[in-house]
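So this block is work.txt, compact mmCIF, C-alpha atoms:
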```txt
# COMPACT_ATOMS: atom_id res chain seq x y z
CA MET A 1 -34.13 17.63 -41.18
CA LYS A 2 -33.38 15.18 -43.99
CA LYS A 3 -35.03 11.77 -44.03
CA ILE A 4 -33.41 8.50 -45.12
CA GLN A 5 -35.17 5.18 -45.56
CA ALA A 6 -33.12 1.97 -45.55
CA LEU A 7 -34.97 -0.78 -47.42
CA TYR A 8 -33.46 -4.25 -47.14
CA TYR A 9 -33.85 -8.00 -46.79
CA SER A 10 -31.21 -9.61 -44.58
CA GLN A 11 -31.59 -13.31 -43.90
CA SER A 12 -28.46 -13.83 -41.78
CA GLY A 13 -28.40 -10.32 -40.31
CA GLN A 14 -25.12 -9.38 -41.99
CA LEU A 15 -26.61 -6.84 -44.39
CA ARG A 16 -28.52 -5.21 -41.54
CA ALA A 17 -25.22 -4.90 -39.61
CA VAL A 18 -23.58 -3.27 -42.65
CA LEU A 19 -26.42 -0.78 -42.99
CA GLU A 20 -26.36 0.04 -39.28
CA SER A 21 -22.63 0.71 -39.40
CA LEU A 22 -22.96 2.86 -42.53
CA CYS A 23 -25.81 4.83 -40.96
CA ARG A 24 -24.20 5.33 -37.54
CA PRO A 25 -22.73 8.79 -38.37
CA LEU A 26 -26.13 9.82 -39.73
CA GLU A 27 -27.97 8.71 -36.59
CA GLU A 28 -25.42 10.26 -34.25
CA SER A 29 -25.52 13.60 -36.08
CA GLY A 30 -29.05 14.38 -34.89
CA ARG A 31 -29.63 16.02 -38.29
CA VAL A 32 -31.11 13.03 -40.09
CA LYS A 33 -34.27 11.03 -39.49
CA LEU A 34 -33.54 7.39 -40.31
CA MET A 35 -36.08 4.64 -40.90
CA TYR A 36 -35.25 0.95 -41.42
CA THR A 37 -37.79 -1.03 -43.43
CA GLU A 38 -37.31 -4.78 -43.70
CA ILE A 39 -38.72 -6.63 -46.71
CA LYS A 40 -40.48 -9.70 -45.31
CA PRO A 41 -41.27 -12.75 -47.48
CA ARG A 42 -44.37 -14.84 -46.80
CA PRO A 43 -43.57 -17.39 -45.46
CA ALA A 44 -40.10 -16.53 -44.16
CA PHE A 45 -37.20 -18.41 -45.69
CA PRO A 46 -35.40 -20.72 -43.21
CA TYR A 47 -32.04 -19.80 -41.74
CA PRO A 48 -29.84 -21.72 -41.60
CA TRP A 49 -31.08 -23.18 -44.86
CA ARG A 50 -32.14 -26.77 -45.27
CA PHE A 51 -30.07 -28.30 -48.06
CA TYR A 52 -32.71 -28.81 -50.75
CA ASP A 53 -34.65 -25.68 -49.76
CA PHE A 54 -31.54 -23.64 -50.54
CA PHE A 55 -31.11 -24.98 -54.07
CA ASP A 56 -34.89 -24.97 -54.56
CA THR A 57 -34.81 -21.16 -54.73
CA MET A 58 -32.36 -21.16 -57.65
CA ALA A 59 -34.86 -21.37 -60.51
CA GLU A 60 -37.14 -18.66 -59.11
CA SER A 61 -34.19 -16.37 -58.29
CA VAL A 62 -32.47 -16.70 -61.66
CA LEU A 63 -35.66 -16.59 -63.73
CA ASP A 64 -37.03 -13.65 -61.72
CA ARG A 65 -40.17 -15.30 -60.38
CA ALA A 66 -41.40 -13.16 -57.50
CA CYS A 67 -42.15 -14.64 -54.08
CA PRO A 68 -45.01 -13.34 -51.86
CA ILE A 69 -43.95 -10.52 -49.53
CA GLU A 70 -45.68 -8.41 -46.93
CA PRO A 71 -46.60 -4.84 -47.98
CA VAL A 72 -43.53 -2.60 -48.05
CA PRO A 73 -44.18 1.04 -47.10
CA VAL A 74 -41.94 3.41 -49.04
CA ALA A 75 -41.68 6.86 -47.44
CA GLU A 76 -42.95 9.43 -49.93
CA ASP A 77 -41.05 12.18 -48.13
CA ALA A 78 -37.69 10.37 -48.00
CA ASP A 79 -34.80 12.47 -49.30
CA LEU A 80 -32.63 9.40 -49.94
CA ILE A 81 -33.20 5.66 -50.18
CA LEU A 82 -30.58 3.11 -49.10
CA LEU A 83 -31.42 -0.15 -50.85
CA GLY A 84 -29.71 -3.12 -49.21
CA ALA A 85 -29.14 -6.14 -51.47
CA THR A 86 -27.94 -9.69 -51.07
CA VAL A 87 -27.20 -12.06 -53.93
CA TRP A 88 -28.80 -15.45 -54.56
CA PHE A 89 -27.38 -17.47 -57.46
CA LEU A 90 -25.89 -14.37 -59.14
CA SER A 91 -29.30 -12.67 -58.89
CA PRO A 92 -30.96 -10.27 -56.45
CA SER A 93 -32.47 -12.17 -53.53
CA LEU A 94 -36.06 -13.29 -54.10
CA PRO A 95 -37.61 -10.91 -51.51
CA LEU A 96 -35.73 -7.90 -52.92
CA ALA A 97 -36.67 -8.81 -56.50
CA ALA A 98 -40.29 -9.24 -55.40
CA PHE A 99 -40.31 -5.73 -53.94
CA LEU A 100 -38.76 -4.21 -57.06
CA ASN A 101 -41.35 -6.01 -59.20
CA SER A 102 -44.24 -4.73 -57.05
CA GLU A 103 -46.38 -1.63 -57.28
CA ALA A 104 -44.71 -0.30 -54.11
CA ALA A 105 -41.42 0.09 -56.01
CA ASN A 106 -43.03 2.78 -58.16
CA MET A 107 -42.69 5.04 -55.13
CA LEU A 108 -38.95 5.10 -55.92
CA ARG A 109 -39.62 7.13 -59.07
CA GLY A 110 -37.48 10.24 -59.03
CA LYS A 111 -35.90 9.38 -55.69
CA PRO A 112 -32.11 9.21 -55.22
CA VAL A 113 -31.06 5.64 -54.40
CA VAL A 114 -27.79 4.25 -53.04
CA THR A 115 -27.52 0.48 -53.37
CA VAL A 116 -25.59 -1.40 -50.67
CA ILE A 117 -24.56 -4.98 -51.51
CA ALA A 118 -23.12 -7.53 -49.08
CA CYS A 119 -22.25 -10.99 -50.41
CA ARG A 120 -19.39 -13.18 -51.65
CA ASP A 121 -17.25 -11.71 -54.41
CA MET A 122 -19.52 -12.68 -57.33
CA TRP A 123 -22.17 -9.94 -57.45
CA LEU A 124 -21.84 -8.35 -60.90
CA MET A 125 -24.70 -10.14 -62.67
CA ALA A 126 -27.04 -9.45 -59.76
CA TYR A 127 -26.03 -5.79 -59.88
CA GLU A 128 -26.80 -5.59 -63.61
CA ARG A 129 -30.34 -6.83 -62.96
CA LEU A 130 -30.68 -4.51 -59.98
CA LYS A 131 -29.77 -1.52 -62.15
CA GLU A 132 -32.30 -2.58 -64.77
CA LYS A 133 -35.07 -2.76 -62.19
CA LEU A 134 -34.20 0.65 -60.71
CA LEU A 135 -34.19 2.14 -64.20
CA ALA A 136 -37.57 0.54 -64.92
CA VAL A 137 -39.20 2.23 -61.91
CA GLY A 138 -37.54 5.58 -62.62
CA ALA A 139 -35.26 5.74 -59.57
CA ARG A 140 -32.19 7.96 -59.67
CA HIS A 141 -29.38 5.53 -58.92
CA LEU A 142 -26.56 7.66 -57.49
CA ASP A 143 -24.17 5.16 -55.94
CA ASN A 144 -23.34 1.54 -55.32
CA VAL A 145 -21.39 0.24 -52.31
CA VAL A 146 -20.20 -3.38 -52.20
CA PHE A 147 -18.95 -5.42 -49.23
CA VAL A 148 -17.60 -8.86 -50.08
CA ASP A 149 -16.74 -11.92 -48.01
CA GLN A 150 -13.25 -12.21 -46.58
CA GLY A 151 -10.94 -14.81 -48.09
CA LYS A 152 -10.24 -15.77 -51.68
CA SER A 153 -12.93 -16.73 -54.15
CA LEU A 154 -12.13 -20.45 -54.13
CA PHE A 155 -12.34 -20.55 -50.33
CA SER A 156 -15.82 -19.02 -50.39
CA PHE A 157 -17.08 -21.97 -52.45
CA VAL A 158 -16.74 -23.85 -49.14
CA THR A 159 -17.15 -21.23 -46.41
CA THR A 160 -20.31 -19.58 -47.78
CA PRO A 161 -22.39 -22.77 -48.22
CA ARG A 162 -21.19 -23.97 -44.79
CA TRP A 163 -22.41 -20.72 -43.24
CA LEU A 164 -25.76 -20.78 -45.04
CA LEU A 165 -26.47 -24.46 -44.33
CA THR A 166 -25.21 -24.67 -40.74
CA GLY A 167 -25.10 -21.10 -39.44
CA LYS A 168 -21.38 -21.54 -38.67
CA LYS A 169 -19.13 -18.81 -40.05
CA ASN A 170 -15.98 -19.30 -37.95
CA ALA A 171 -12.58 -20.06 -39.48
CA PHE A 172 -11.66 -23.76 -39.63
CA LEU A 173 -8.73 -25.78 -40.96
CA PHE A 174 -7.06 -23.49 -43.53
CA PHE A 175 -10.33 -21.73 -44.44
CA PRO A 176 -10.98 -18.13 -43.30
CA ALA A 177 -14.17 -17.08 -41.57
CA ALA A 178 -17.19 -16.62 -43.80
CA GLY A 179 -18.88 -13.31 -44.41
CA VAL A 180 -17.70 -9.73 -44.55
CA ALA A 181 -14.83 -9.05 -42.16
CA PRO A 182 -15.88 -7.13 -39.01
CA ALA A 183 -13.28 -4.46 -39.78
CA GLU A 184 -14.87 -3.88 -43.20
CA ILE A 185 -18.30 -3.54 -41.62
CA GLN A 186 -16.91 -1.05 -39.12
CA ALA A 187 -15.26 0.91 -41.94
CA ALA A 188 -18.65 1.39 -43.61
CA GLN A 189 -19.07 4.46 -41.43
CA ARG A 190 -16.98 6.46 -43.87
CA PHE A 191 -19.81 6.24 -46.38
CA GLY A 192 -22.28 7.51 -43.82
CA GLU A 193 -20.02 10.47 -43.07
CA ARG A 194 -19.86 11.37 -46.77
CA ILE A 195 -23.62 10.97 -47.18
CA LEU A 196 -24.19 13.26 -44.18
CA GLN A 197 -21.99 15.91 -45.76
CA ALA A 198 -23.76 15.49 -49.12
CA LEU A 199 -27.20 15.89 -47.52
CA GLN A 200 -26.10 19.09 -45.81
CA GLU A 201 -25.13 20.42 -49.25
CA ASP A 202 -28.33 19.11 -50.93
CA ALA A 203 -26.10 17.07 -53.24
CA GLU A 204 -28.67 14.26 -53.37
CA ARG A 205 -30.86 16.52 -55.52
CA HIS A 206 -28.37 16.21 -58.35
CA ASP A 207 -27.35 13.14 -60.35
CA ALA A 208 -23.63 13.02 -59.54
CA PRO A 209 -22.33 10.16 -57.35
CA LEU A 210 -21.95 10.99 -53.66
CA LEU A 211 -19.34 8.37 -52.74
CA ARG A 212 -16.74 8.51 -55.48
CA GLY A 213 -13.15 8.19 -54.29
CA LEU A 214 -13.98 6.21 -51.13
CA GLY A 215 -13.33 2.74 -52.52
CA ALA A 216 -17.04 1.94 -52.64
CA VAL A 217 -16.65 -0.72 -55.34
CA ARG A 218 -13.73 -2.90 -56.35
CA VAL A 219 -14.32 -5.33 -59.19
CA VAL A 220 -12.03 -8.35 -59.46
CA ASP A 221 -11.08 -8.39 -63.15
CA THR A 222 -10.74 -12.16 -63.37
CA LEU A 223 -14.29 -12.74 -62.13
CA ILE A 224 -16.09 -10.69 -64.80
CA ALA A 225 -15.95 -13.37 -67.51
CA SER A 226 -16.54 -16.12 -64.94
CA GLU A 227 -19.82 -14.54 -63.85
CA LYS A 228 -21.02 -14.19 -67.44
CA ILE A 229 -20.37 -17.87 -68.06
CA ALA A 230 -21.89 -18.92 -64.72
CA ILE A 231 -25.14 -16.99 -65.19
CA LYS A 232 -25.71 -18.69 -68.56
CA SER A 233 -25.29 -22.06 -66.87
CA PHE A 234 -27.62 -21.02 -64.03
CA ARG A 235 -30.31 -19.96 -66.51
CA LEU A 236 -30.11 -23.25 -68.38
CA TRP A 237 -30.34 -25.37 -65.24
CA SER A 238 -33.06 -23.13 -63.79
CA ARG A 239 -35.24 -23.80 -66.82
CA PHE A 240 -34.70 -27.53 -66.34
CA MET A 241 -35.68 -27.20 -62.67
CA GLU A 242 -38.79 -25.16 -63.45
CA LYS A 243 -39.95 -27.63 -66.09
CA ALA A 244 -39.29 -30.58 -63.76
CA GLY A 245 -41.92 -29.45 -61.29
CA ALA A 246 -42.96 -26.96 -58.62
CA PRO A 247 -40.67 -26.16 -55.68
CA GLY A 248 -40.46 -29.13 -53.33
CA SER A 249 -41.67 -31.63 -55.93
CA GLY A 250 -39.91 -34.92 -56.59
CA GLY A 251 -39.06 -33.93 -60.16
CA ARG A 252 -37.49 -30.67 -59.00
CA ARG A 253 -35.42 -32.50 -56.39
CA LEU A 254 -34.14 -34.97 -58.96
CA VAL A 255 -32.90 -32.20 -61.24
CA ILE A 256 -31.37 -30.39 -58.24
CA THR A 257 -29.47 -33.55 -57.28
CA ILE A 258 -28.08 -33.90 -60.81
CA TYR A 259 -27.20 -30.21 -60.82
CA ILE A 260 -25.30 -30.43 -57.52
CA ILE A 261 -23.16 -33.25 -58.91
CA PHE A 262 -22.52 -31.16 -62.04
CA LEU A 263 -21.66 -28.12 -59.90
CA LEU A 264 -19.12 -30.01 -57.79
CA VAL A 265 -17.40 -31.30 -60.92
CA MET A 266 -17.28 -27.78 -62.37
CA ILE A 267 -15.85 -26.28 -59.17
CA CYS A 268 -13.08 -28.87 -59.10
CA THR A 269 -12.20 -28.66 -62.80
CA LEU A 270 -13.42 -25.80 -64.98
CA VAL A 271 -13.53 -23.05 -62.33
CA PRO A 272 -9.74 -23.07 -61.65
CA ILE A 273 -9.02 -23.37 -65.38
CA ASN A 274 -11.35 -20.46 -66.16
CA LEU A 275 -9.79 -18.26 -63.48
CA CYS A 276 -6.35 -18.89 -64.99
CA LYS A 277 -7.66 -18.12 -68.47
CA ASN A 278 -9.21 -14.87 -67.27
CA ALA A 279 -5.93 -13.86 -65.59
CA ILE A 280 -4.12 -14.43 -68.90
CA MET A 281 -6.74 -12.40 -70.77
CA ALA A 282 -6.23 -9.54 -68.32
CA LYS A 283 -2.55 -9.52 -69.33
CA VAL A 284 -3.17 -9.91 -73.07
CA ARG A 285 -6.08 -7.44 -73.41
CA PRO A 286 -5.78 -5.10 -70.41
CA ASP A 287 -7.61 -2.30 -72.26
CA MET A 288 -10.72 -4.42 -72.80
CA VAL A 289 -10.70 -5.75 -69.24
CA GLU A 290 -10.14 -2.26 -67.81
CA ALA A 291 -13.07 -0.83 -69.77
CA GLU A 292 -15.36 -3.61 -68.51
CA ARG A 293 -14.13 -3.11 -64.96
CA ARG A 294 -14.85 0.62 -65.02
CA ARG A 295 -18.34 0.03 -66.40
CA SER A 296 -19.05 -2.51 -63.67
CA GLU A 297 -17.80 -0.19 -60.92
CA ALA A 298 -20.04 2.70 -62.03
CA PRO A 299 -21.47 4.94 -60.75
CA SER A 300 -19.35 5.18 -57.59
CA GLY A 301 -16.08 3.66 -58.78
CA ARG A 302 -13.04 3.40 -56.58
```
Would you give me this structure, written as structure tokens?
Amino acid sequence: MKKIQALYYSQSGQLRAVLESLCRPLEESGRVKLMYTEIKPRPAFPYPWRFYDFFDTMAESVLDRACPIEPVPVAEDADLILLGATVWFLSPSLPLAAFLNSEAANMLRGKPVVTVIACRDMWLMAYERLKEKLLAVGARHLDNVVFVDQGKSLFSFVTTPRWLLTGKKNAFLFFPAAGVAPAEIQAAQRFGERILQALQEDAERHDAPLLRGLGAVRVVDTLIASEKIAIKSFRLWSRFMEKAGAPGSGGRRLVITIYIIFLLVMICTLVPINLCKNAIMAKVRPDMVEAERRRSEAPSGR
């Protein structure tokens, strides 16, 4: 019997629901032993978030400053690891990053890993760092599966913060519901079915992707350049926040307040302009954009 360990941190519960749907065919088969292991920060982060607490995690997330977590047992005899990831400020969530920076992550050395990301549609920069960390511990990264929030990117600038700060994810006015659509979560079972077949064939022992051709990853071309610009801005402001004081300090809050004003101005002005510019670039240099898209969608691709 093959053994799978699902390692994850899910603040709202959405990522856990995605993993459970993906793993349902594996559990129902009776041929796989499945173990869920939640990464638990100390103390737990609030949910819904308090306004300043939410932005107060930006500097530590972007600058990769680990938060305290409880010990994470990694199964030495696991045949496959499912690593669930959420994105905070275009970076892996603090608890996940803390695990990957810890000694426990060395247990991933040589193990096949499938990353499973659930977030709004800007996840590329977080994925790049995630790949770097998996490479650093010697994991064999076979696949990546991404589930993104329903609705267009500009809508999620409103719906996602509303969900995180109030716990409300329902549709309102002309805005769609926040989060990954229930139908998309349900459809995650197709990945579990393919993984079950791959395990029966011992395919996880090789380095080829298991999920290619299932639409595991779809990169939005126009968001690639936007993310690269945004992460540079996040790093700059994160350094300002860190220098202003410790989390929760008055100096940190002052910089956060200034940053929020700056962010609102950018969302209303430069973000739409940049999206239009990226759309034009995709028409003018489709070869360059296509090459970047394929690299970002690796290893699973569409």
Inset, instruction - Can you work out the spacing between atom CA of A:Lys232 and atom CA of A:Leu63 in Å, to one decimal? - result: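 Going from atom CA of A:Lys232 over to atom CA of A:Leu63, I get 11.3 Å.
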Inset, instruction - Have a look at A:Met107, A:Val148, A:Leu22, A:Ala198 and name the one nearest to A:Ala136; count all atoms listed in the file. - result: A:Met107
Legend entry - Residue among A:Val158, A:Ile195, A:Leu15, A:Leu165 lying closest to A:Ala177, counting only C-alpha atoms: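 Closest to A:Ala177, using only C-alpha atoms: A:Val158.
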Inset, instruction - Measure the distance from atom CA of A:Leu34 to atom CA of A:Lys3 in Å and round it to one decimal. - result: 5.9 Å
Inset, instruction - Write out as a ChimeraX atom specification which residues come within 9 Å of A:Ala298 when counting only C-alpha atoms, dropping same-chain ones fewer than 4 positions away. - result: /A:143-144,217,293-294,302
Inset, instruction - Enter the distance from atom CA of A:Glu184 to atom CA of A:Ser300, in Å, rounded to one decimal. - result: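 Distance between the two atoms: 17.6 Å.
Across A:Tyr9, A:Phe155, A:Phe175, A:Phe234, the tightest approach to A:Ser91 is made by A:Phe234 when counting all atoms listed in the file.
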Legend entry - Residue nearest A:Gly250 - candidates A:Glu292, A:Asn101, A:Asp56, A:Ala183, atoms counted: only C-alpha atoms: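 Checking each candidate against A:Gly250, we get A:Asp56 as the closest.
Of the residues listed (A:Gly179, A:Ala203, A:Trp237, A:Ala105), A:Trp237 shows the shortest atom-to-atom separation from A:Ile260; distances use all atoms listed in the file.
Residue nearest A:Gln189 within the list A:Ala216, A:Met1, A:Ala225, A:Ala208: A:Ala216 [criterion: smallest interatomic distance, all atoms listed in the file].
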Inset, instruction - Excluding A:Ala78 and residues on its chain fewer than 3 positions from it, collect all residues at most 7 Å away from it, counting all atoms listed in the file, and give them as a PyMOL selection string. - result: chain A and resi 3-5+75+81
If you take all atoms listed in the file and a cut-off of 10 Å, which residues of stretch 63-148 of chain A touch stretch 44-51 of chain A, and what are their nearest atom pairs and distances in Å to one decimal, in chain and number order, as a tab-separated table?
```
residue	atom	partner	partner_atom	distance
A:Pro68	CA	A:Ala44	CA	9.7
A:Ile69	CA	A:Ala44	CA	8.9
A:Leu94	CA	A:Phe45	CA	9.9
A:Pro95	CA	A:Phe45	CA	9.5
```
